[in-house]
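Engineer: Input file: input_33.cif. Contents: mmCIF, N, CA and C atoms.
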data_upload
loop_
_atom_site.label_atom_id
_atom_site.label_comp_id
_atom_site.auth_asym_id
_atom_site.auth_seq_id
_atom_site.Cartn_x
_atom_site.Cartn_y
_atom_site.Cartn_z
N MET A 1 0.83 -1.19 0.00
CA MET A 1 0.00 0.00 0.00
C MET A 1 0.88 1.25 0.00
N THR A 2 0.37 2.28 -0.58
CA THR A 2 1.08 3.56 -0.59
C THR A 2 0.58 4.42 0.57
N GLY A 3 1.30 5.50 0.82
CA GLY A 3 0.88 6.43 1.86
C GLY A 3 -0.54 6.91 1.64
N THR A 4 -0.84 7.24 0.39
CA THR A 4 -2.17 7.74 0.05
C THR A 4 -3.24 6.70 0.38
N GLU A 5 -2.95 5.42 0.12
CA GLU A 5 -3.92 4.36 0.42
C GLU A 5 -4.12 4.21 1.93
N PHE A 6 -3.02 4.33 2.70
CA PHE A 6 -3.15 4.27 4.16
C PHE A 6 -3.96 5.46 4.67
N TYR A 7 -3.72 6.66 4.13
CA TYR A 7 -4.46 7.85 4.55
C TYR A 7 -5.94 7.68 4.25
N LYS A 8 -6.25 7.18 3.05
CA LYS A 8 -7.64 6.98 2.64
C LYS A 8 -8.31 5.96 3.55
N HIS A 9 -7.61 4.87 3.85
CA HIS A 9 -8.16 3.84 4.72
C HIS A 9 -8.49 4.43 6.09
N LEU A 10 -7.60 5.26 6.61
CA LEU A 10 -7.82 5.89 7.91
C LEU A 10 -9.09 6.74 7.87
N LYS A 11 -9.25 7.53 6.82
CA LYS A 11 -10.46 8.36 6.68
C LYS A 11 -11.70 7.49 6.51
N ASP A 12 -11.58 6.40 5.73
CA ASP A 12 -12.72 5.52 5.47
C ASP A 12 -13.26 4.88 6.74
N ILE A 13 -12.40 4.64 7.71
CA ILE A 13 -12.86 4.01 8.95
C ILE A 13 -13.27 5.04 9.99
N GLY A 14 -13.26 6.31 9.59
CA GLY A 14 -13.77 7.36 10.46
C GLY A 14 -12.74 8.02 11.36
N CYS A 15 -11.48 7.84 11.08
CA CYS A 15 -10.42 8.48 11.87
C CYS A 15 -9.91 9.70 11.13
N LYS A 16 -9.60 10.72 11.90
CA LYS A 16 -9.01 11.91 11.30
C LYS A 16 -7.59 11.60 10.84
N LEU A 17 -7.21 12.18 9.73
CA LEU A 17 -5.82 12.09 9.28
C LEU A 17 -5.10 13.31 9.83
N THR A 18 -4.58 13.18 11.04
CA THR A 18 -3.85 14.28 11.66
C THR A 18 -2.43 14.32 11.09
N GLU A 19 -1.78 15.44 11.27
CA GLU A 19 -0.39 15.58 10.82
C GLU A 19 0.50 14.54 11.51
N GLN A 20 0.23 14.27 12.80
CA GLN A 20 1.03 13.29 13.54
C GLN A 20 0.86 11.89 12.94
N ARG A 21 -0.35 11.50 12.64
CA ARG A 21 -0.59 10.16 12.07
C ARG A 21 0.03 10.04 10.68
N LYS A 22 -0.08 11.12 9.91
CA LYS A 22 0.52 11.11 8.57
C LYS A 22 2.03 10.93 8.67
N ILE A 23 2.68 11.63 9.59
CA ILE A 23 4.14 11.52 9.75
C ILE A 23 4.52 10.12 10.21
N ILE A 24 3.78 9.54 11.14
CA ILE A 24 4.08 8.18 11.63
C ILE A 24 3.96 7.19 10.47
N ILE A 25 2.89 7.27 9.69
CA ILE A 25 2.72 6.37 8.55
C ILE A 25 3.85 6.57 7.55
N ASP A 26 4.19 7.83 7.25
CA ASP A 26 5.27 8.12 6.31
C ASP A 26 6.60 7.53 6.79
N VAL A 27 6.89 7.69 8.07
CA VAL A 27 8.14 7.17 8.64
C VAL A 27 8.18 5.65 8.52
N LEU A 28 7.06 4.98 8.76
CA LEU A 28 7.03 3.52 8.65
C LEU A 28 7.15 3.05 7.21
N ILE A 29 6.63 3.83 6.27
CA ILE A 29 6.79 3.50 4.85
C ILE A 29 8.24 3.68 4.43
N GLU A 30 8.85 4.76 4.86
CA GLU A 30 10.23 5.08 4.48
C GLU A 30 11.25 4.17 5.17
N ASN A 31 10.87 3.56 6.28
CA ASN A 31 11.77 2.71 7.06
C ASN A 31 11.09 1.37 7.32
N PRO A 32 10.96 0.54 6.28
CA PRO A 32 10.24 -0.72 6.46
C PRO A 32 10.91 -1.61 7.50
N GLY A 33 10.11 -2.45 8.09
CA GLY A 33 10.62 -3.36 9.11
C GLY A 33 9.94 -3.13 10.43
N HIS A 34 10.52 -3.68 11.46
CA HIS A 34 9.95 -3.66 12.80
C HIS A 34 10.71 -2.64 13.64
N HIS A 35 9.97 -1.76 14.29
CA HIS A 35 10.60 -0.70 15.08
C HIS A 35 9.92 -0.58 16.43
N THR A 36 10.70 -0.28 17.46
CA THR A 36 10.12 0.01 18.76
C THR A 36 9.50 1.40 18.71
N ALA A 37 8.67 1.71 19.69
CA ALA A 37 8.08 3.05 19.77
C ALA A 37 9.18 4.10 19.89
N GLU A 38 10.24 3.77 20.62
CA GLU A 38 11.36 4.71 20.79
C GLU A 38 12.07 4.97 19.46
N GLU A 39 12.26 3.91 18.67
CA GLU A 39 12.89 4.08 17.36
C GLU A 39 12.01 4.93 16.44
N ILE A 40 10.72 4.69 16.49
CA ILE A 40 9.80 5.48 15.67
C ILE A 40 9.81 6.93 16.13
N PHE A 41 9.87 7.14 17.43
CA PHE A 41 9.95 8.50 17.97
C PHE A 41 11.18 9.23 17.43
N THR A 42 12.32 8.55 17.42
CA THR A 42 13.55 9.15 16.90
C THR A 42 13.40 9.50 15.43
N LEU A 43 12.83 8.60 14.64
CA LEU A 43 12.63 8.86 13.21
C LEU A 43 11.66 10.01 12.99
N VAL A 44 10.61 10.07 13.80
CA VAL A 44 9.61 11.13 13.66
C VAL A 44 10.21 12.48 14.06
N LYS A 45 11.06 12.50 15.08
CA LYS A 45 11.67 13.75 15.54
C LYS A 45 12.47 14.42 14.43
N ASN A 46 13.00 13.64 13.51
CA ASN A 46 13.73 14.21 12.38
C ASN A 46 12.81 14.98 11.43
N LYS A 47 11.53 14.65 11.45
CA LYS A 47 10.55 15.32 10.58
C LYS A 47 9.78 16.41 11.32
N ASN A 48 9.55 16.18 12.61
CA ASN A 48 8.77 17.12 13.41
C ASN A 48 9.32 17.11 14.84
N SER A 49 10.17 18.06 15.14
CA SER A 49 10.85 18.07 16.43
C SER A 49 9.92 18.43 17.58
N LYS A 50 8.69 18.83 17.29
CA LYS A 50 7.76 19.24 18.35
C LYS A 50 6.85 18.11 18.83
N MET A 51 6.98 16.92 18.26
CA MET A 51 6.12 15.82 18.64
C MET A 51 6.68 15.12 19.88
N TYR A 52 5.78 14.81 20.81
CA TYR A 52 6.16 14.14 22.05
C TYR A 52 6.05 12.63 21.92
N PHE A 53 6.79 11.91 22.77
CA PHE A 53 6.74 10.45 22.77
C PHE A 53 5.33 9.96 23.06
N SER A 54 4.64 10.60 23.98
CA SER A 54 3.27 10.17 24.33
C SER A 54 2.34 10.26 23.12
N THR A 55 2.56 11.25 22.27
CA THR A 55 1.76 11.40 21.04
C THR A 55 2.03 10.24 20.09
N ILE A 56 3.30 9.89 19.96
CA ILE A 56 3.68 8.75 19.09
C ILE A 56 3.03 7.48 19.62
N TYR A 57 3.18 7.24 20.91
CA TYR A 57 2.68 6.00 21.50
C TYR A 57 1.16 5.91 21.37
N ARG A 58 0.46 6.98 21.68
CA ARG A 58 -1.00 7.02 21.58
C ARG A 58 -1.47 6.74 20.16
N ASN A 59 -0.80 7.34 19.19
CA ASN A 59 -1.18 7.14 17.79
C ASN A 59 -0.82 5.74 17.30
N LEU A 60 0.28 5.18 17.77
CA LEU A 60 0.62 3.80 17.41
C LEU A 60 -0.47 2.84 17.90
N GLU A 61 -0.96 3.08 19.11
CA GLU A 61 -2.03 2.23 19.65
C GLU A 61 -3.31 2.38 18.83
N LEU A 62 -3.66 3.60 18.46
CA LEU A 62 -4.84 3.83 17.62
C LEU A 62 -4.68 3.14 16.27
N LEU A 63 -3.52 3.31 15.64
CA LEU A 63 -3.27 2.69 14.34
C LEU A 63 -3.26 1.17 14.44
N THR A 64 -2.80 0.64 15.57
CA THR A 64 -2.83 -0.81 15.81
C THR A 64 -4.28 -1.28 15.96
N ASN A 65 -5.06 -0.55 16.74
CA ASN A 65 -6.47 -0.94 16.94
C ASN A 65 -7.25 -0.96 15.64
N HIS A 66 -6.84 -0.13 14.69
CA HIS A 66 -7.53 -0.07 13.40
C HIS A 66 -6.81 -0.89 12.33
N LYS A 67 -5.88 -1.72 12.76
CA LYS A 67 -5.18 -2.68 11.89
C LYS A 67 -4.37 -2.03 10.77
N ILE A 68 -3.96 -0.78 10.96
CA ILE A 68 -3.08 -0.12 10.01
C ILE A 68 -1.64 -0.44 10.36
N VAL A 69 -1.38 -0.59 11.65
CA VAL A 69 -0.07 -0.97 12.16
C VAL A 69 -0.23 -2.28 12.91
N GLU A 70 0.75 -3.15 12.79
CA GLU A 70 0.77 -4.40 13.54
C GLU A 70 1.74 -4.29 14.68
N LYS A 71 1.30 -4.70 15.88
CA LYS A 71 2.16 -4.69 17.05
C LYS A 71 2.67 -6.11 17.28
N LEU A 72 3.98 -6.24 17.39
CA LEU A 72 4.60 -7.53 17.65
C LEU A 72 5.14 -7.51 19.07
N SER A 73 4.67 -8.42 19.89
CA SER A 73 5.14 -8.51 21.27
C SER A 73 6.33 -9.45 21.32
N ILE A 74 7.45 -8.92 21.73
CA ILE A 74 8.70 -9.67 21.74
C ILE A 74 8.97 -10.16 23.16
N VAL A 75 9.76 -11.21 23.26
CA VAL A 75 10.04 -11.85 24.54
C VAL A 75 10.56 -10.87 25.58
N ASP A 76 11.38 -9.90 25.18
CA ASP A 76 11.96 -8.97 26.15
C ASP A 76 10.95 -7.95 26.67
N GLY A 77 9.69 -8.05 26.23
CA GLY A 77 8.65 -7.16 26.71
C GLY A 77 8.52 -5.86 25.95
N VAL A 78 9.40 -5.62 24.99
CA VAL A 78 9.34 -4.40 24.20
C VAL A 78 8.55 -4.68 22.93
N ASN A 79 7.52 -3.89 22.69
CA ASN A 79 6.71 -4.06 21.48
C ASN A 79 7.42 -3.45 20.28
N HIS A 80 7.23 -4.08 19.14
CA HIS A 80 7.74 -3.57 17.87
C HIS A 80 6.53 -3.34 16.97
N TYR A 81 6.64 -2.37 16.09
CA TYR A 81 5.54 -1.99 15.22
C TYR A 81 5.99 -2.01 13.77
N GLU A 82 5.06 -2.37 12.89
CA GLU A 82 5.29 -2.28 11.46
C GLU A 82 3.96 -2.03 10.77
N LEU A 83 4.03 -1.45 9.58
CA LEU A 83 2.80 -1.22 8.82
C LEU A 83 2.19 -2.55 8.43
N ASN A 84 0.89 -2.62 8.51
CA ASN A 84 0.15 -3.81 8.13
C ASN A 84 -0.21 -3.71 6.65
N GLY A 85 -0.12 -4.78 5.93
CA GLY A 85 -0.60 -4.78 4.56
C GLY A 85 0.43 -4.47 3.50
N LEU A 86 1.68 -4.22 3.87
CA LEU A 86 2.68 -3.99 2.84
C LEU A 86 2.98 -5.29 2.11
N ASP A 87 3.14 -6.34 2.85
CA ASP A 87 3.27 -7.68 2.29
C ASP A 87 2.95 -8.66 3.41
N HIS A 88 2.36 -9.77 3.05
CA HIS A 88 1.95 -10.76 4.05
C HIS A 88 3.17 -11.59 4.43
N HIS A 89 3.49 -11.59 5.72
CA HIS A 89 4.64 -12.36 6.18
C HIS A 89 4.48 -12.69 7.67
N HIS A 90 5.37 -13.53 8.14
CA HIS A 90 5.40 -13.93 9.54
C HIS A 90 6.84 -13.83 10.02
N HIS A 91 7.11 -14.26 11.26
CA HIS A 91 8.42 -14.02 11.85
C HIS A 91 8.96 -15.21 12.63
N VAL A 92 10.29 -15.33 12.65
CA VAL A 92 10.99 -16.13 13.65
C VAL A 92 11.68 -15.11 14.55
N ILE A 93 11.64 -15.36 15.86
CA ILE A 93 12.10 -14.38 16.83
C ILE A 93 13.04 -15.05 17.82
N CYS A 94 14.21 -14.44 18.01
CA CYS A 94 15.20 -14.97 18.95
C CYS A 94 14.79 -14.63 20.38
N ASN A 95 14.74 -15.65 21.23
CA ASN A 95 14.39 -15.46 22.64
C ASN A 95 15.45 -14.70 23.41
N LYS A 96 16.68 -14.74 22.94
CA LYS A 96 17.79 -14.13 23.68
C LYS A 96 18.03 -12.68 23.28
N CYS A 97 18.24 -12.42 22.00
CA CYS A 97 18.59 -11.06 21.56
C CYS A 97 17.40 -10.29 20.98
N GLY A 98 16.28 -10.98 20.71
CA GLY A 98 15.10 -10.31 20.19
C GLY A 98 15.11 -10.10 18.68
N GLN A 99 16.14 -10.59 17.99
CA GLN A 99 16.20 -10.42 16.54
C GLN A 99 14.97 -11.05 15.90
N MET A 100 14.39 -10.33 14.93
CA MET A 100 13.24 -10.84 14.18
C MET A 100 13.66 -11.05 12.74
N ILE A 101 13.33 -12.23 12.23
CA ILE A 101 13.62 -12.53 10.83
C ILE A 101 12.29 -12.81 10.16
N GLN A 102 12.08 -12.15 9.06
CA GLN A 102 10.83 -12.26 8.32
C GLN A 102 10.77 -13.57 7.54
N ILE A 103 9.61 -14.22 7.58
CA ILE A 103 9.34 -15.41 6.79
C ILE A 103 8.35 -15.00 5.70
N ASP A 104 8.74 -15.13 4.45
CA ASP A 104 7.89 -14.68 3.35
C ASP A 104 7.01 -15.79 2.81
N MET A 105 6.41 -16.54 3.71
CA MET A 105 5.44 -17.57 3.33
C MET A 105 4.44 -17.67 4.47
N CYS A 106 3.35 -18.31 4.22
CA CYS A 106 2.29 -18.38 5.22
C CYS A 106 1.83 -19.82 5.42
N PRO A 107 2.20 -20.42 6.55
CA PRO A 107 1.77 -21.80 6.82
C PRO A 107 0.24 -21.92 6.90
N TYR A 108 -0.42 -20.87 7.31
CA TYR A 108 -1.88 -20.86 7.40
C TYR A 108 -2.51 -21.11 6.04
N ILE A 109 -1.98 -20.46 5.03
CA ILE A 109 -2.53 -20.59 3.68
C ILE A 109 -1.95 -21.82 2.97
N GLU A 110 -0.63 -21.98 3.05
CA GLU A 110 0.04 -23.03 2.29
C GLU A 110 -0.26 -24.44 2.78
N ASN A 111 -0.66 -24.58 4.03
CA ASN A 111 -0.97 -25.91 4.56
C ASN A 111 -2.47 -26.17 4.63
N HIS A 112 -3.24 -25.36 3.92
CA HIS A 112 -4.68 -25.52 3.80
C HIS A 112 -5.40 -25.42 5.15
N LEU A 113 -4.75 -24.81 6.13
CA LEU A 113 -5.37 -24.63 7.43
C LEU A 113 -6.58 -23.70 7.33
N ALA A 114 -6.51 -22.71 6.44
CA ALA A 114 -7.63 -21.78 6.27
C ALA A 114 -8.91 -22.52 5.90
N GLU A 115 -8.82 -23.46 4.95
CA GLU A 115 -10.00 -24.22 4.55
C GLU A 115 -10.52 -25.09 5.69
N LYS A 116 -9.60 -25.70 6.43
CA LYS A 116 -10.01 -26.55 7.56
C LYS A 116 -10.76 -25.74 8.61
N ILE A 117 -10.25 -24.56 8.90
CA ILE A 117 -10.90 -23.72 9.92
C ILE A 117 -12.25 -23.24 9.42
N LYS A 118 -12.35 -22.84 8.16
CA LYS A 118 -13.64 -22.40 7.62
C LYS A 118 -14.66 -23.53 7.61
N SER A 119 -14.20 -24.77 7.43
CA SER A 119 -15.12 -25.90 7.43
C SER A 119 -15.73 -26.12 8.82
N MET A 120 -15.12 -25.53 9.85
CA MET A 120 -15.66 -25.62 11.22
C MET A 120 -16.62 -24.46 11.50
N ASN A 121 -17.00 -23.71 10.44
CA ASN A 121 -17.87 -22.55 10.55
C ASN A 121 -17.27 -21.46 11.42
N PHE A 122 -15.96 -21.34 11.35
CA PHE A 122 -15.23 -20.27 12.05
C PHE A 122 -14.72 -19.31 11.00
N ARG A 123 -14.92 -18.04 11.19
CA ARG A 123 -14.49 -17.03 10.22
C ARG A 123 -13.38 -16.17 10.80
N PRO A 124 -12.13 -16.54 10.51
CA PRO A 124 -11.00 -15.76 11.04
C PRO A 124 -10.99 -14.34 10.48
N THR A 125 -10.57 -13.40 11.31
CA THR A 125 -10.42 -12.02 10.86
C THR A 125 -8.96 -11.62 10.73
N ASN A 126 -8.08 -12.41 11.33
CA ASN A 126 -6.66 -12.11 11.27
C ASN A 126 -5.89 -13.34 11.77
N HIS A 127 -4.61 -13.40 11.49
CA HIS A 127 -3.80 -14.46 12.05
C HIS A 127 -2.34 -14.01 12.14
N LYS A 128 -1.60 -14.66 13.05
CA LYS A 128 -0.17 -14.41 13.22
C LYS A 128 0.51 -15.76 13.33
N PHE A 129 1.70 -15.83 12.84
CA PHE A 129 2.49 -17.04 12.95
C PHE A 129 3.89 -16.61 13.35
N GLU A 130 4.30 -16.98 14.56
CA GLU A 130 5.62 -16.62 15.06
C GLU A 130 6.28 -17.86 15.65
N ILE A 131 7.55 -18.02 15.36
CA ILE A 131 8.33 -19.11 15.93
C ILE A 131 9.41 -18.49 16.80
N TYR A 132 9.51 -18.97 18.02
CA TYR A 132 10.51 -18.45 18.97
C TYR A 132 11.61 -19.48 19.16
N GLY A 133 12.82 -19.02 19.32
CA GLY A 133 13.96 -19.90 19.52
C GLY A 133 15.22 -19.06 19.63
N LEU A 134 16.32 -19.61 19.19
CA LEU A 134 17.60 -18.91 19.23
C LEU A 134 18.13 -18.69 17.82
N CYS A 135 18.56 -17.48 17.55
CA CYS A 135 19.17 -17.19 16.25
C CYS A 135 20.53 -17.87 16.16
N ASP A 136 21.12 -17.85 15.00
CA ASP A 136 22.41 -18.51 14.77
C ASP A 136 23.47 -18.00 15.75
N ARG A 137 23.57 -16.68 15.90
CA ARG A 137 24.60 -16.09 16.77
C ARG A 137 24.40 -16.50 18.22
N CYS A 138 23.15 -16.41 18.71
CA CYS A 138 22.89 -16.73 20.11
C CYS A 138 23.02 -18.22 20.41
N SER A 139 22.70 -19.07 19.44
CA SER A 139 22.82 -20.51 19.68
C SER A 139 24.28 -20.95 19.76
N LYS A 140 25.20 -20.13 19.22
CA LYS A 140 26.63 -20.46 19.27
C LYS A 140 27.29 -19.96 20.56
N GLU A 141 26.61 -19.07 21.28
CA GLU A 141 27.19 -18.51 22.51
C GLU A 141 27.08 -19.48 23.66
#
Now, as a test, write the supplied structure out as structure tokens.

Structural biologist:
Amino acid sequence: MTGTEFYKHLKDIGCKLTEQRKIIIDVLIENPGHHTAEEIFTLVKNKNSKMYFSTIYRNLELLTNHKIVEKLSIVDGVNHYELNGLDHHHHVICNKCGQMIQIDMCPYIENHLAEKIKSMNFRPTNHKFEIYGLCDRCSKE
């Protein structure tokens, strides 16, 4: 999705497109991947030095609630955020260092789990697939 599509989606669901939300979305588009709220705050400060951390955090939660941003809860307790809908993927996450590696396939779809679940008259609205373990570096330590 482009910035314009994210802005339109926000308006379509009844949310105002504030300057703060636009900057947060732009920063996430320009810096793909998973970022902590603190990292996003640093990136946003380069565009708007008057924005407070509480504003960033509040808007990240709103964008998460409206499925524009995905929140990933990592073992160390620090949440990471990324734009939702850029590409469908899942993650492997290191329990020790918190490194996240993107998996560009979907076991839910590729293993026909979606059809099995629908046959039970269950209608999923979203799914996540995360594998936790040790990355190569941490497993050698």

Engineer: Rounded to one decimal place, report the CA of His89 (chain A)-CA of Met105 (chain A) distance in Å.

Structural biologist: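 Those two atoms sit 6.0 Å apart.
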
Engineer: Write out as a short mmCIF file (atom, residue, chain, number, x, y, z; two decimals) with N, CA and C atoms, in the frame of the given file which residues come within 7 Å of Leu60 (chain A) when counting only N, CA and C atoms, dropping same-chain ones fewer than 5 positions away.

Structural biologist:
data_model
loop_
_atom_site.label_atom_id
_atom_site.label_comp_id
_atom_site.auth_asym_id
_atom_site.auth_seq_id
_atom_site.Cartn_x
_atom_site.Cartn_y
_atom_site.Cartn_z
N THR A 55 2.56 11.25 22.27
CA THR A 55 1.76 11.40 21.04
C THR A 55 2.03 10.24 20.09
N ASN A 65 -5.06 -0.55 16.74
CA ASN A 65 -6.47 -0.94 16.94
C ASN A 65 -7.25 -0.96 15.64
N VAL A 69 -1.38 -0.59 11.65
CA VAL A 69 -0.07 -0.97 12.16
C VAL A 69 -0.23 -2.28 12.91
#

Engineer: Can you work out the spacing between atom N of Pro107 (chain A) and atom N of Lys128 (chain A) in Å, to one decimal?

Structural biologist: 9.5 Å

Engineer: Give as JSON, numbers by chain the set of residues within 8 Å of the point (0.0, -17.5, 6.2), where distances use the file's coordinates and only N, CA and C atoms.

Structural biologist: {"A": [88, 89, 90, 104, 105, 106, 107, 108, 109, 110, 111, 127, 128, 129]}

Engineer: Determine, counting only N, CA and C atoms, which protein, DNA and RNA residues have an atom within 8 Å of an atom of Asn59 (chain A); residues of the same chain fewer than 4 positions away are not included. Present the result as a list in words.

Structural biologist: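 Near neighbours after the sequence-gap exclusion: Gln20, Arg21, Ile24, Phe53, Ser54, Thr55, Leu63, Thr64 and Asn65 of chain A.
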
Engineer: In Å, how far is it from CA of Gly14 (chain A) to CA of Arg58 (chain A)?

Structural biologist: 16.9 Å

Engineer: Run DSSP on the backbone and tell me which residues of chain A come out as alpha helix (DSSP H); list them as JSON, numbers by chain.

Structural biologist: {"A": [3, 4, 5, 6, 7, 8, 9, 10, 11, 12, 19, 20, 21, 22, 23, 24, 25, 26, 27, 28, 29, 30, 37, 38, 39, 40, 41, 42, 43, 44, 45, 53, 54, 55, 56, 57, 58, 59, 60, 61, 62, 63, 64, 65, 107, 108, 109, 110, 113, 114, 115, 116, 117, 118, 119, 136, 137, 138, 139, 140]}

Engineer: For His66 (chain A), find every residue with an atom within 9 Å (counting only C-alpha atoms), except residues of its own chain fewer than 4 positions away, and show them as a list in words.

Structural biologist: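 The neighbour list is Leu10, Ile13, Glu61 and Leu62 of chain A.
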
Engineer: Let me know the residues the PyMOL selection byres ((chain A and resi 28-36) around 6) catches in the file above, as a list of chain:residue names.

Structural biologist: A:Ile23, A:Ile24, A:Ile25, A:Asp26, A:Val27, A:Ala37, A:Glu38, A:Glu39, A:Ile40, A:Phe41, A:Asn79, A:His80, A:Tyr81, A:Glu82, A:Leu83

Engineer: Check the smallest atom-to-atom distance from each of A:Phe122, A:Ser73, A:Lys67, A:Lys8 to Met100 (chain A) using only C-alpha atoms, then report the winner.

Structural biologist: A:Ser73

Engineer: List as a ChimeraX atom specification the protein and nucleic acid residues near Ile93 (chain A), meaning an atom at most 7 Å away when only C-alpha atoms are counted, but skip any in the same chain fewer than 2 places from it.

Structural biologist: /A:91,95,98-101,131-133
